[in-house]
Each structure stands twice: as structure tokens, then as C-alpha cells.
$ cat coords00.pdb   # PDB, C-alpha atoms, pLDDT in the B column
ATOM      1  CA  MET A   1      47.853  19.450  49.382  1.00 93.00           C
ATOM      2  CA  ASP A   2      46.458  17.823  46.267  1.00 91.00           C
ATOM      3  CA  LEU A   3      46.035  14.026  46.534  1.00 94.00           C
ATOM      4  CA  LYS A   4      44.508  12.016  43.724  1.00 94.00           C
ATOM      5  CA  LEU A   5      43.578   8.356  43.926  1.00 95.00           C
ATOM      6  CA  GLU A   6      45.278   6.851  40.895  1.00 97.00           C
ATOM      7  CA  VAL A   7      45.133   3.040  41.082  1.00 98.00           C
ATOM      8  CA  ILE A   8      43.263   0.324  42.953  1.00 98.00           C
ATOM      9  CA  VAL A   9      44.771  -3.173  43.007  1.00 98.00           C
ATOM     10  CA  LEU A  10      42.342  -6.031  42.355  1.00 98.00           C
ATOM     11  CA  PRO A  11      43.309  -9.553  43.347  1.00 98.00           C
ATOM     12  CA  VAL A  12      42.337 -12.039  40.631  1.00 98.00           C
ATOM     13  CA  SER A  13      42.952 -15.740  40.057  1.00 98.00           C
ATOM     14  CA  ASP A  14      43.002 -15.710  36.240  1.00 98.00           C
ATOM     15  CA  VAL A  15      44.535 -12.662  34.574  1.00 98.00           C
ATOM     16  CA  ASP A  16      43.209 -13.385  31.081  1.00 98.00           C
ATOM     17  CA  ARG A  17      39.670 -14.043  32.360  1.00 98.00           C
ATOM     18  CA  ALA A  18      39.738 -10.740  34.306  1.00 98.00           C
ATOM     19  CA  ARG A  19      41.108  -8.911  31.267  1.00 98.00           C
ATOM     20  CA  SER A  20      38.282 -10.273  29.091  1.00 98.00           C
ATOM     21  CA  PHE A  21      35.686  -9.253  31.691  1.00 98.00           C
ATOM     22  CA  TYR A  22      36.884  -5.640  32.021  1.00 98.00           C
ATOM     23  CA  GLU A  23      37.253  -5.291  28.241  1.00 98.00           C
ATOM     24  CA  ALA A  24      33.681  -6.543  27.771  1.00 98.00           C
ATOM     25  CA  ALA A  25      32.449  -4.156  30.495  1.00 98.00           C
ATOM     26  CA  GLY A  26      33.806  -1.240  28.457  1.00 98.00           C
ATOM     27  CA  PHE A  27      36.774  -0.283  30.638  1.00 98.00           C
ATOM     28  CA  ARG A  28      39.735   1.170  28.696  1.00 98.00           C
ATOM     29  CA  MET A  29      42.764  -1.103  28.618  1.00 98.00           C
ATOM     30  CA  ASP A  30      45.824   1.019  29.433  1.00 98.00           C
ATOM     31  CA  ALA A  31      48.557  -1.582  29.783  1.00 98.00           C
ATOM     32  CA  ASP A  32      49.326  -5.273  29.728  1.00 98.00           C
ATOM     33  CA  HIS A  33      52.959  -5.761  30.644  1.00 98.00           C
ATOM     34  CA  ALA A  34      54.808  -8.944  31.584  1.00 97.00           C
ATOM     35  CA  ALA A  35      58.279  -8.396  32.993  1.00 95.00           C
ATOM     36  CA  ASN A  36      58.896 -12.140  33.280  1.00 96.00           C
ATOM     37  CA  ASP A  37      57.010 -15.403  33.904  1.00 95.00           C
ATOM     38  CA  ASP A  38      56.295 -14.389  37.516  1.00 96.00           C
ATOM     39  CA  TYR A  39      55.095 -10.818  36.988  1.00 98.00           C
ATOM     40  CA  ARG A  40      52.390  -9.438  34.732  1.00 98.00           C
ATOM     41  CA  VAL A  41      50.360  -6.286  35.324  1.00 98.00           C
ATOM     42  CA  VAL A  42      47.204  -5.280  33.470  1.00 98.00           C
ATOM     43  CA  GLN A  43      45.658  -1.844  33.915  1.00 98.00           C
ATOM     44  CA  PHE A  44      42.126  -0.753  33.006  1.00 98.00           C
ATOM     45  CA  THR A  45      40.334   2.550  33.543  1.00 98.00           C
ATOM     46  CA  PRO A  46      36.539   2.802  33.852  1.00 98.00           C
ATOM     47  CA  PRO A  47      35.007   5.172  31.274  1.00 96.00           C
ATOM     48  CA  GLY A  48      35.200   8.765  32.543  1.00 94.00           C
ATOM     49  CA  SER A  49      37.367   7.895  35.547  1.00 96.00           C
ATOM     50  CA  GLU A  50      40.782   9.227  36.478  1.00 95.00           C
ATOM     51  CA  CYS A  51      41.407   6.213  38.713  1.00 97.00           C
ATOM     52  CA  ALA A  52      42.423   2.892  37.193  1.00 98.00           C
ATOM     53  CA  VAL A  53      42.415  -0.684  38.440  1.00 98.00           C
ATOM     54  CA  ILE A  54      45.349  -3.025  38.078  1.00 98.00           C
ATOM     55  CA  PHE A  55      45.560  -6.772  38.432  1.00 98.00           C
ATOM     56  CA  GLY A  56      47.899  -9.466  37.299  1.00 98.00           C
ATOM     57  CA  LYS A  57      50.362 -12.118  38.333  1.00 97.00           C
ATOM     58  CA  GLY A  58      52.699 -11.254  41.198  1.00 97.00           C
ATOM     59  CA  VAL A  59      50.905  -7.953  41.770  1.00 97.00           C
ATOM     60  CA  THR A  60      49.329  -8.648  45.171  1.00 98.00           C
ATOM     61  CA  SER A  61      49.151 -11.359  47.794  1.00 97.00           C
ATOM     62  CA  ALA A  62      45.516 -10.509  48.614  1.00 98.00           C
ATOM     63  CA  GLU A  63      42.920 -13.248  48.196  1.00 98.00           C
ATOM     64  CA  PRO A  64      41.256 -13.168  44.729  1.00 98.00           C
ATOM     65  CA  GLY A  65      37.826 -11.587  44.963  1.00 97.00           C
ATOM     66  CA  SER A  66      38.447  -9.962  48.357  1.00 96.00           C
ATOM     67  CA  VAL A  67      37.925  -6.325  47.288  1.00 96.00           C
ATOM     68  CA  ARG A  68      34.444  -4.918  47.958  1.00 91.00           C
ATOM     69  CA  GLY A  69      32.743  -1.545  47.773  1.00 88.00           C
ATOM     70  CA  LEU A  70      34.289  -0.142  44.598  1.00 94.00           C
ATOM     71  CA  TYR A  71      31.899   2.678  43.715  1.00 93.00           C
ATOM     72  CA  LEU A  72      31.359   3.808  40.141  1.00 96.00           C
ATOM     73  CA  ILE A  73      29.378   7.046  40.033  1.00 95.00           C
ATOM     74  CA  VAL A  74      26.942   7.357  37.135  1.00 97.00           C
ATOM     75  CA  PRO A  75      24.583  10.170  36.081  1.00 97.00           C
ATOM     76  CA  ASP A  76      21.798   7.753  35.068  1.00 97.00           C
ATOM     77  CA  ILE A  77      21.589   4.461  36.960  1.00 97.00           C
ATOM     78  CA  GLU A  78      19.106   2.843  34.588  1.00 97.00           C
ATOM     79  CA  LYS A  79      21.122   3.730  31.485  1.00 98.00           C
ATOM     80  CA  ALA A  80      24.381   2.489  33.050  1.00 98.00           C
ATOM     81  CA  HIS A  81      22.644  -0.698  34.226  1.00 98.00           C
ATOM     82  CA  ALA A  82      21.276  -1.342  30.741  1.00 98.00           C
ATOM     83  CA  GLU A  83      24.650  -0.720  29.083  1.00 98.00           C
ATOM     84  CA  LEU A  84      26.600  -2.997  31.418  1.00 98.00           C
ATOM     85  CA  SER A  85      23.919  -5.697  31.219  1.00 98.00           C
ATOM     86  CA  GLY A  86      24.002  -5.381  27.429  1.00 98.00           C
ATOM     87  CA  ARG A  87      27.741  -5.983  27.559  1.00 98.00           C
ATOM     88  CA  GLY A  88      27.149  -9.266  29.385  1.00 98.00           C
ATOM     89  CA  VAL A  89      27.847  -8.094  32.949  1.00 98.00           C
ATOM     90  CA  GLU A  90      25.585  -9.908  35.430  1.00 97.00           C
ATOM     91  CA  MET A  91      23.987  -7.092  37.420  1.00 96.00           C
ATOM     92  CA  SER A  92      21.743  -6.822  40.448  1.00 94.00           C
ATOM     93  CA  GLU A  93      18.492  -5.013  39.927  1.00 94.00           C
ATOM     94  CA  VAL A  94      18.506  -1.240  40.383  1.00 94.00           C
ATOM     95  CA  PHE A  95      17.572  -0.543  43.996  1.00 91.00           C
ATOM     96  CA  HIS A  96      17.431   2.139  46.632  1.00 89.00           C
ATOM     97  CA  ASP A  97      17.838   2.117  50.379  1.00 83.00           C
ATOM     98  CA  ALA A  98      14.629   2.705  52.327  1.00 78.00           C
ATOM     99  CA  GLY A  99      16.707   3.790  55.318  1.00 71.00           C
ATOM    100  CA  GLY A 100      18.340   6.752  53.597  1.00 64.00           C
ATOM    101  CA  ILE A 101      20.474   7.759  50.680  1.00 57.00           C
ATOM    102  CA  PHE A 102      23.940   6.881  51.952  1.00 55.00           C
ATOM    103  CA  GLN A 103      25.932   3.679  51.910  1.00 55.00           C
ATOM    104  CA  HIS A 104      25.176   0.931  54.376  1.00 51.00           C
ATOM    105  CA  GLY A 105      28.146  -1.294  53.592  1.00 48.00           C
ATOM    106  CA  HIS A 106      26.926  -2.371  50.161  1.00 51.00           C
ATOM    107  CA  GLY A 107      28.733  -5.419  48.917  1.00 50.00           C
ATOM    108  CA  ALA A 108      28.124  -6.594  45.408  1.00 47.00           C
ATOM    109  CA  GLN A 109      25.590  -9.186  44.241  1.00 50.00           C
ATOM    110  CA  GLY A 110      24.602 -10.225  47.761  1.00 51.00           C
ATOM    111  CA  VAL A 111      24.185  -6.782  49.297  1.00 47.00           C
ATOM    112  CA  THR A 112      25.068  -6.776  52.978  1.00 51.00           C
ATOM    113  CA  TYR A 113      23.929  -3.910  55.149  1.00 49.00           C
ATOM    114  CA  GLN A 114      26.028  -2.963  58.135  1.00 51.00           C
ATOM    115  CA  GLY A 115      25.387  -0.421  60.848  1.00 46.00           C
ATOM    116  CA  GLY A 116      21.644  -0.012  60.567  1.00 47.00           C
ATOM    117  CA  GLU A 117      18.256  -1.368  59.753  1.00 46.00           C
ATOM    118  CA  ALA A 118      18.369  -0.482  56.081  1.00 59.00           C
ATOM    119  CA  GLU A 119      16.044  -2.085  53.579  1.00 76.00           C
ATOM    120  CA  ARG A 120      16.883  -2.727  49.940  1.00 79.00           C
ATOM    121  CA  VAL A 121      13.909  -1.628  47.832  1.00 87.00           C
ATOM    122  CA  PRO A 122      13.604  -2.472  44.099  1.00 92.00           C
ATOM    123  CA  GLY A 123      13.879   0.412  41.657  1.00 94.00           C
ATOM    124  CA  PRO A 124      15.660   3.750  41.746  1.00 94.00           C
ATOM    125  CA  HIS A 125      15.120   6.204  44.598  1.00 92.00           C
ATOM    126  CA  PRO A 126      11.537   7.518  44.193  1.00 91.00           C
ATOM    127  CA  ASP A 127      12.764  11.136  44.007  1.00 91.00           C
ATOM    128  CA  ARG A 128      15.896  10.142  42.080  1.00 90.00           C
ATOM    129  CA  ALA A 129      17.837  11.710  44.951  1.00 88.00           C
ATOM    130  CA  ASP A 130      21.550  12.019  44.346  1.00 88.00           C
ATOM    131  CA  TYR A 131      23.486   9.234  46.064  1.00 88.00           C
ATOM    132  CA  GLY A 132      20.227   7.297  46.465  1.00 89.00           C
ATOM    133  CA  SER A 133      20.063   4.652  43.696  1.00 92.00           C
ATOM    134  CA  TYR A 134      22.341   1.646  43.287  1.00 92.00           C
ATOM    135  CA  ALA A 135      23.087  -1.448  41.240  1.00 93.00           C
ATOM    136  CA  THR A 136      25.849  -3.950  41.893  1.00 93.00           C
ATOM    137  CA  PHE A 137      28.004  -6.474  40.073  1.00 96.00           C
ATOM    138  CA  ASN A 138      30.997  -8.706  40.692  1.00 97.00           C
ATOM    139  CA  ASP A 139      33.945  -9.460  38.482  1.00 98.00           C
ATOM    140  CA  PRO A 140      34.616 -13.176  37.793  1.00 98.00           C
ATOM    141  CA  ASP A 141      36.580 -13.538  41.042  1.00 98.00           C
ATOM    142  CA  GLY A 142      33.967 -11.792  43.180  1.00 97.00           C
ATOM    143  CA  ASN A 143      35.528  -8.334  43.536  1.00 97.00           C
ATOM    144  CA  GLY A 144      32.468  -6.186  44.228  1.00 95.00           C
ATOM    145  CA  TRP A 145      31.397  -3.072  42.362  1.00 95.00           C
ATOM    146  CA  VAL A 146      28.559  -0.655  43.174  1.00 93.00           C
ATOM    147  CA  LEU A 147      26.995   1.759  40.704  1.00 95.00           C
ATOM    148  CA  GLN A 148      25.621   4.834  42.465  1.00 93.00           C
ATOM    149  CA  GLU A 149      23.576   7.517  40.738  1.00 94.00           C
ATOM    150  CA  VAL A 150      24.795  11.069  41.266  1.00 94.00           C
ATOM    151  CA  ARG A 151      23.489  13.798  39.006  1.00 92.00           C
ATOM    152  CA  LYS A 152      24.735  16.745  41.085  1.00 89.00           C
ATOM    153  CA  ARG A 153      27.760  16.289  43.329  1.00 82.00           C
ATOM    154  CA  ALA A 154      27.687  17.398  46.953  1.00 75.00           C
ATOM    155  CA  PRO A 155      29.380  20.785  47.601  1.00 79.00           C
ATOM    156  CA  GLY A 156      33.149  20.568  47.638  1.00 74.00           C
ATOM    157  CA  ARG A 157      33.222  17.454  45.504  1.00 68.00           C
TER     158      ARG A 157
END

$ encode --input "coords00.pdb" --output "C-alpha cells"
Amino acid sequence: MDLKLEVIVLPVSDVDRARSFYEAAGFRMDADHAANDDYRVVQFTPPGSECAVIFGKGVTSAEPGSVRGLYLIVPDIEKAHAELSGRGVEMSEVFHDAGGIFQHGHGAQGVTYQGGEAERVPGPHPDRADYGSYATFNDPDGNGWVLQEVRKRAPGR
């Protein structure tokens, strides 16, 4: 079976503000369609991704800003951080997890660790280990994104 994640729905409170944010962040705008006054869907795709995000009016009943842990994999965390920051995205510092190289429930700007005594340490992983360096940001509603550096994917990925 071949299953591909195609779209993630983001709950937002202001469609035009969200559209401006994702345009400024460098995501590709794929669609902006309004069927009527009660339904509008906007779709963006992160650069290099096959999975898009959609948001709009009448798209979801989820609370705006309630999505967390959206991982964007990048080959160079510092370069991606600099580019997004340069585009006006408010970013966390680049950091690594002293407790290991895997996720510990990273939220966005206020990183929350769950399931362990992990420690957020400034700077990229000292060995630049794959899956070991992070930076975070939120969209204007608080939907949380995590950049994670991966230079060489794990086997089978």
C-alpha cells in the first residue's frame, strides 16, 4: 500500500493574515478559492514538500492556533533559520536536546518537553547529528512549527 500525506488543515482566525504570513515565509500559494461568503479555502505548500497546508473560512471547527508539532525537515538548520528570520518570521533560537536526538513533544515558541527530563541547549547539536537540531516558530494564530535538521534520512525513509 502506498499512502502519502497530502494536506494538513490549519485552524486560523484571519484568513488574509494567515495568507500574508505563509506568503512571506516563502511557502508556495497553490489555491485561494471562495465558493461563497461562508466558505473559502487557501492552500500553501512549504518549499520542497509534497504535503500542503490548507486554511480558510468554513474549513474546520478546530480552535485557531491549536495545531502543534508540524515538522519541517531542513538540510541546514542555521541556513533555514536565517532565511525564515530574514523573511520576518519570529523564530526561536537554534537548539538541541541534551537528552537525545529525538522529539520530546516540542511545541513552538515555548518548547514543552513531555515524557522525559530533556534539556533545551542553545545551538545546533554539537556533532550536527541528524534529527538533533531544532528551531521553532508559530504562525499568527499560534499553530506551531518545528524545523529539524536532517542531512541523511534514516534507512527506509

$ resolve_selection --input "coords00.pdb" --expression "the PyMOL selection byres ((chain A and resi 73-86) around 6)" --output "PDB file with C-alpha atoms, in the coordinates of the input"
ATOM      1  CA  LEU A  72      31.359   3.808  40.141  1.00 96.00           C
ATOM      2  CA  ARG A  87      27.741  -5.983  27.559  1.00 98.00           C
ATOM      3  CA  GLY A  88      27.149  -9.266  29.385  1.00 98.00           C
ATOM      4  CA  VAL A  89      27.847  -8.094  32.949  1.00 98.00           C
ATOM      5  CA  LEU A 147      26.995   1.759  40.704  1.00 95.00           C
ATOM      6  CA  GLN A 148      25.621   4.834  42.465  1.00 93.00           C
ATOM      7  CA  GLU A 149      23.576   7.517  40.738  1.00 94.00           C
ATOM      8  CA  VAL A 150      24.795  11.069  41.266  1.00 94.00           C
ATOM      9  CA  ARG A 151      23.489  13.798  39.006  1.00 92.00           C
TER      10      ARG A 151
END

$ closest_residue --input "coords00.pdb" --among "A:Leu10, A:Val53, A:Val15, A:Ala25" --to "A:Ser66" --atoms "all atoms listed in the file"
A:Leu10

$ closest_residue --input "coords00.pdb" --among "A:Thr45, A:Val12, A:Gly142, A:Ser61" --to "A:Gly26" --atoms "only C-alpha atoms"
A:Thr45

$ closest_residue --input "coords00.pdb" --among "A:Pro64, A:His96, A:Asp16, A:His33" --to "A:Asp130" --atoms "all atoms listed in the file"
A:His96

$ closest_residue --input "coords00.pdb" --among "A:Val146, A:Phe27, A:Ala98, A:Thr60" --to "A:Asp127" --atoms "all atoms listed in the file"
A:Ala98

$ closest_residue --input "coords00.pdb" --among "A:Glu63, A:Glu93, A:Asp30, A:Glu6" --to "A:Thr136" --atoms "all atoms listed in the file"
A:Glu93

$ closest_residue --input "coords00.pdb" --among "A:Arg28, A:Asp37, A:Phe137, A:Pro126" --to "A:Ala52" --atoms "all atoms listed in the file"
A:Arg28

$ resolve_selection --input "coords00.pdb" --expression "the PyMOL selection byres ((chain A and resi 55-57) around 9)" --output "ChimeraX atom specification"
/A:8-16,18-19,32,34,37-44,53-54,58-60

$ atom_distance --input "coords00.pdb" --atom1 "atom CA of A:Gly69" --atom2 "atom CA of A:Trp145"
5.8 Å

$ decode --input "coords00.pdb" --residues "stretch 112-157 of chain A" --atoms "N, CA and C atoms" --output "PDB file, in the first residue's frame"
ATOM      1  N   THR A 112       7.785  22.798  24.986  1.00  0.00           N
ATOM      2  CA  THR A 112       7.357  21.991  26.118  1.00  0.00           C
ATOM      3  C   THR A 112       7.873  20.580  25.918  1.00  0.00           C
ATOM      4  N   TYR A 113       8.581  20.075  26.889  1.00  0.00           N
ATOM      5  CA  TYR A 113       9.069  18.705  26.818  1.00  0.00           C
ATOM      6  C   TYR A 113       8.117  17.800  27.565  1.00  0.00           C
ATOM      7  N   GLN A 114       7.831  16.654  26.971  1.00  0.00           N
ATOM      8  CA  GLN A 114       6.941  15.688  27.586  1.00  0.00           C
ATOM      9  C   GLN A 114       7.611  14.328  27.565  1.00  0.00           C
ATOM     10  N   GLY A 115       7.453  13.575  28.618  1.00  0.00           N
ATOM     11  CA  GLY A 115       7.948  12.202  28.618  1.00  0.00           C
ATOM     12  C   GLY A 115       9.422  12.075  28.884  1.00  0.00           C
ATOM     13  N   GLY A 116      10.018  12.984  29.622  1.00  0.00           N
ATOM     14  CA  GLY A 116      11.434  12.828  29.924  1.00  0.00           C
ATOM     15  C   GLY A 116      12.046  14.081  30.490  1.00  0.00           C
ATOM     16  N   GLU A 117      13.221  13.930  30.972  1.00  0.00           N
ATOM     17  CA  GLU A 117      13.971  15.042  31.552  1.00  0.00           C
ATOM     18  C   GLU A 117      14.908  15.624  30.504  1.00  0.00           C
ATOM     19  N   ALA A 118      14.354  16.104  29.429  1.00  0.00           N
ATOM     20  CA  ALA A 118      15.156  16.670  28.353  1.00  0.00           C
ATOM     21  C   ALA A 118      15.513  18.113  28.679  1.00  0.00           C
ATOM     22  N   GLU A 119      16.631  18.549  28.155  1.00  0.00           N
ATOM     23  CA  GLU A 119      17.075  19.918  28.370  1.00  0.00           C
ATOM     24  C   GLU A 119      17.342  20.584  27.027  1.00  0.00           C
ATOM     25  N   ARG A 120      16.750  21.746  26.836  1.00  0.00           N
ATOM     26  CA  ARG A 120      16.954  22.524  25.622  1.00  0.00           C
ATOM     27  C   ARG A 120      18.267  23.280  25.773  1.00  0.00           C
ATOM     28  N   VAL A 121      19.194  23.035  24.842  1.00  0.00           N
ATOM     29  CA  VAL A 121      20.522  23.629  24.887  1.00  0.00           C
ATOM     30  C   VAL A 121      20.693  24.530  23.657  1.00  0.00           C
ATOM     31  N   PRO A 122      21.134  25.786  23.846  1.00  0.00           N
ATOM     32  CA  PRO A 122      21.325  26.677  22.694  1.00  0.00           C
ATOM     33  C   PRO A 122      22.328  26.124  21.687  1.00  0.00           C
ATOM     34  N   GLY A 123      22.055  26.393  20.420  1.00  0.00           N
ATOM     35  CA  GLY A 123      22.945  26.000  19.336  1.00  0.00           C
ATOM     36  C   GLY A 123      22.579  24.651  18.753  1.00  0.00           C
ATOM     37  N   PRO A 124      23.108  24.376  17.552  1.00  0.00           N
ATOM     38  CA  PRO A 124      22.844  23.082  16.928  1.00  0.00           C
ATOM     39  C   PRO A 124      23.508  21.952  17.703  1.00  0.00           C
ATOM     40  N   HIS A 125      23.084  20.727  17.433  1.00  0.00           N
ATOM     41  CA  HIS A 125      23.691  19.553  18.061  1.00  0.00           C
ATOM     42  C   HIS A 125      25.200  19.624  17.849  1.00  0.00           C
ATOM     43  N   PRO A 126      26.008  19.378  18.881  1.00  0.00           N
ATOM     44  CA  PRO A 126      27.466  19.548  18.753  1.00  0.00           C
ATOM     45  C   PRO A 126      28.095  18.708  17.643  1.00  0.00           C
ATOM     46  N   ASP A 127      27.519  17.544  17.339  1.00  0.00           N
ATOM     47  CA  ASP A 127      28.034  16.705  16.257  1.00  0.00           C
ATOM     48  C   ASP A 127      27.232  16.880  14.969  1.00  0.00           C
ATOM     49  N   ARG A 128      26.292  17.823  15.007  1.00  0.00           N
ATOM     50  CA  ARG A 128      25.358  18.032  13.893  1.00  0.00           C
ATOM     51  C   ARG A 128      24.680  16.728  13.516  1.00  0.00           C
ATOM     52  N   ALA A 129      24.343  15.936  14.542  1.00  0.00           N
ATOM     53  CA  ALA A 129      23.665  14.655  14.341  1.00  0.00           C
ATOM     54  C   ALA A 129      22.334  14.871  13.642  1.00  0.00           C
ATOM     55  N   ASP A 130      22.039  14.009  12.691  1.00  0.00           N
ATOM     56  CA  ASP A 130      20.735  14.055  12.040  1.00  0.00           C
ATOM     57  C   ASP A 130      19.648  13.917  13.086  1.00  0.00           C
ATOM     58  N   TYR A 131      18.581  14.655  12.902  1.00  0.00           N
ATOM     59  CA  TYR A 131      17.421  14.669  13.800  1.00  0.00           C
ATOM     60  C   TYR A 131      17.736  15.313  15.147  1.00  0.00           C
ATOM     61  N   GLY A 132      18.866  16.027  15.254  1.00  0.00           N
ATOM     62  CA  GLY A 132      19.296  16.526  16.552  1.00  0.00           C
ATOM     63  C   GLY A 132      19.240  18.019  16.775  1.00  0.00           C
ATOM     64  N   SER A 133      18.970  18.824  15.749  1.00  0.00           N
ATOM     65  CA  SER A 133      18.953  20.287  15.899  1.00  0.00           C
ATOM     66  C   SER A 133      17.588  20.825  15.488  1.00  0.00           C
ATOM     67  N   TYR A 134      17.121  21.821  16.225  1.00  0.00           N
ATOM     68  CA  TYR A 134      15.766  22.338  16.045  1.00  0.00           C
ATOM     69  C   TYR A 134      15.727  23.861  16.081  1.00  0.00           C
ATOM     70  N   ALA A 135      14.673  24.399  15.542  1.00  0.00           N
ATOM     71  CA  ALA A 135      14.263  25.797  15.730  1.00  0.00           C
ATOM     72  C   ALA A 135      12.752  25.790  15.572  1.00  0.00           C
ATOM     73  N   THR A 136      12.076  26.714  16.212  1.00  0.00           N
ATOM     74  CA  THR A 136      10.619  26.703  16.186  1.00  0.00           C
ATOM     75  C   THR A 136      10.057  28.071  15.825  1.00  0.00           C
ATOM     76  N   PHE A 137       8.824  28.059  15.337  1.00  0.00           N
ATOM     77  CA  PHE A 137       8.091  29.308  15.109  1.00  0.00           C
ATOM     78  C   PHE A 137       6.602  29.010  15.142  1.00  0.00           C
ATOM     79  N   ASN A 138       5.837  30.057  15.322  1.00  0.00           N
ATOM     80  CA  ASN A 138       4.373  29.986  15.300  1.00  0.00           C
ATOM     81  C   ASN A 138       3.852  30.849  14.173  1.00  0.00           C
ATOM     82  N   ASP A 139       2.705  30.443  13.615  1.00  0.00           N
ATOM     83  CA  ASP A 139       2.029  31.348  12.694  1.00  0.00           C
ATOM     84  C   ASP A 139       1.276  32.390  13.535  1.00  0.00           C
ATOM     85  N   PRO A 140       0.629  33.372  12.931  1.00  0.00           N
ATOM     86  CA  PRO A 140      -0.010  34.433  13.723  1.00  0.00           C
ATOM     87  C   PRO A 140      -1.075  33.955  14.708  1.00  0.00           C
ATOM     88  N   ASP A 141      -1.663  32.787  14.474  1.00  0.00           N
ATOM     89  CA  ASP A 141      -2.660  32.259  15.397  1.00  0.00           C
ATOM     90  C   ASP A 141      -2.055  31.369  16.478  1.00  0.00           C
ATOM     91  N   GLY A 142      -0.788  30.993  16.316  1.00  0.00           N
ATOM     92  CA  GLY A 142      -0.155  30.131  17.305  1.00  0.00           C
ATOM     93  C   GLY A 142       0.004  28.689  16.874  1.00  0.00           C
ATOM     94  N   ASN A 143      -0.363  28.343  15.626  1.00  0.00           N
ATOM     95  CA  ASN A 143      -0.078  26.998  15.135  1.00  0.00           C
ATOM     96  C   ASN A 143       1.435  26.827  15.131  1.00  0.00           C
ATOM     97  N   GLY A 144       1.920  25.721  15.702  1.00  0.00           N
ATOM     98  CA  GLY A 144       3.342  25.571  15.982  1.00  0.00           C
ATOM     99  C   GLY A 144       4.119  24.720  14.999  1.00  0.00           C
ATOM    100  N   TRP A 145       5.205  25.275  14.511  1.00  0.00           N
ATOM    101  CA  TRP A 145       6.088  24.629  13.552  1.00  0.00           C
ATOM    102  C   TRP A 145       7.446  24.361  14.188  1.00  0.00           C
ATOM    103  N   VAL A 146       8.070  23.249  13.782  1.00  0.00           N
ATOM    104  CA  VAL A 146       9.404  22.879  14.252  1.00  0.00           C
ATOM    105  C   VAL A 146      10.273  22.615  13.031  1.00  0.00           C
ATOM    106  N   LEU A 147      11.408  23.302  12.941  1.00  0.00           N
ATOM    107  CA  LEU A 147      12.416  22.942  11.951  1.00  0.00           C
ATOM    108  C   LEU A 147      13.298  21.880  12.588  1.00  0.00           C
ATOM    109  N   GLN A 148      13.626  20.848  11.854  1.00  0.00           N
ATOM    110  CA  GLN A 148      14.523  19.804  12.352  1.00  0.00           C
ATOM    111  C   GLN A 148      15.549  19.522  11.267  1.00  0.00           C
ATOM    112  N   GLU A 149      16.816  19.531  11.667  1.00  0.00           N
ATOM    113  CA  GLU A 149      17.889  19.295  10.685  1.00  0.00           C
ATOM    114  C   GLU A 149      18.086  17.808  10.450  1.00  0.00           C
ATOM    115  N   VAL A 150      17.990  17.422   9.177  1.00  0.00           N
ATOM    116  CA  VAL A 150      18.260  16.054   8.752  1.00  0.00           C
ATOM    117  C   VAL A 150      19.061  16.131   7.466  1.00  0.00           C
ATOM    118  N   ARG A 151      20.289  15.704   7.530  1.00  0.00           N
ATOM    119  CA  ARG A 151      21.136  15.697   6.332  1.00  0.00           C
ATOM    120  C   ARG A 151      21.055  14.357   5.610  1.00  0.00           C
ATOM    121  N   LYS A 152      20.958  13.275   6.393  1.00  0.00           N
ATOM    122  CA  LYS A 152      20.843  11.926   5.829  1.00  0.00           C
ATOM    123  C   LYS A 152      19.689  11.245   6.535  1.00  0.00           C
ATOM    124  N   ARG A 153      18.678  10.868   5.766  1.00  0.00           N
ATOM    125  CA  ARG A 153      17.478  10.242   6.322  1.00  0.00           C
ATOM    126  C   ARG A 153      17.803   8.868   6.914  1.00  0.00           C
ATOM    127  N   ALA A 154      17.029   8.472   7.891  1.00  0.00           N
ATOM    128  CA  ALA A 154      17.145   7.141   8.477  1.00  0.00           C
ATOM    129  C   ALA A 154      16.782   6.103   7.407  1.00  0.00           C
ATOM    130  N   PRO A 155      17.323   4.900   7.495  1.00  0.00           N
ATOM    131  CA  PRO A 155      17.005   3.852   6.497  1.00  0.00           C
ATOM    132  C   PRO A 155      15.500   3.639   6.392  1.00  0.00           C
ATOM    133  N   GLY A 156      15.045   3.456   5.157  1.00  0.00           N
ATOM    134  CA  GLY A 156      13.639   3.230   4.904  1.00  0.00           C
ATOM    135  C   GLY A 156      12.821   4.490   4.774  1.00  0.00           C
ATOM    136  N   ARG A 157      13.436   5.623   4.930  1.00  0.00           N
ATOM    137  CA  ARG A 157      12.732   6.895   4.843  1.00  0.00           C
ATOM    138  C   ARG A 157      12.916   7.415   3.451  1.00  0.00           C
TER     139      ARG A 157
END
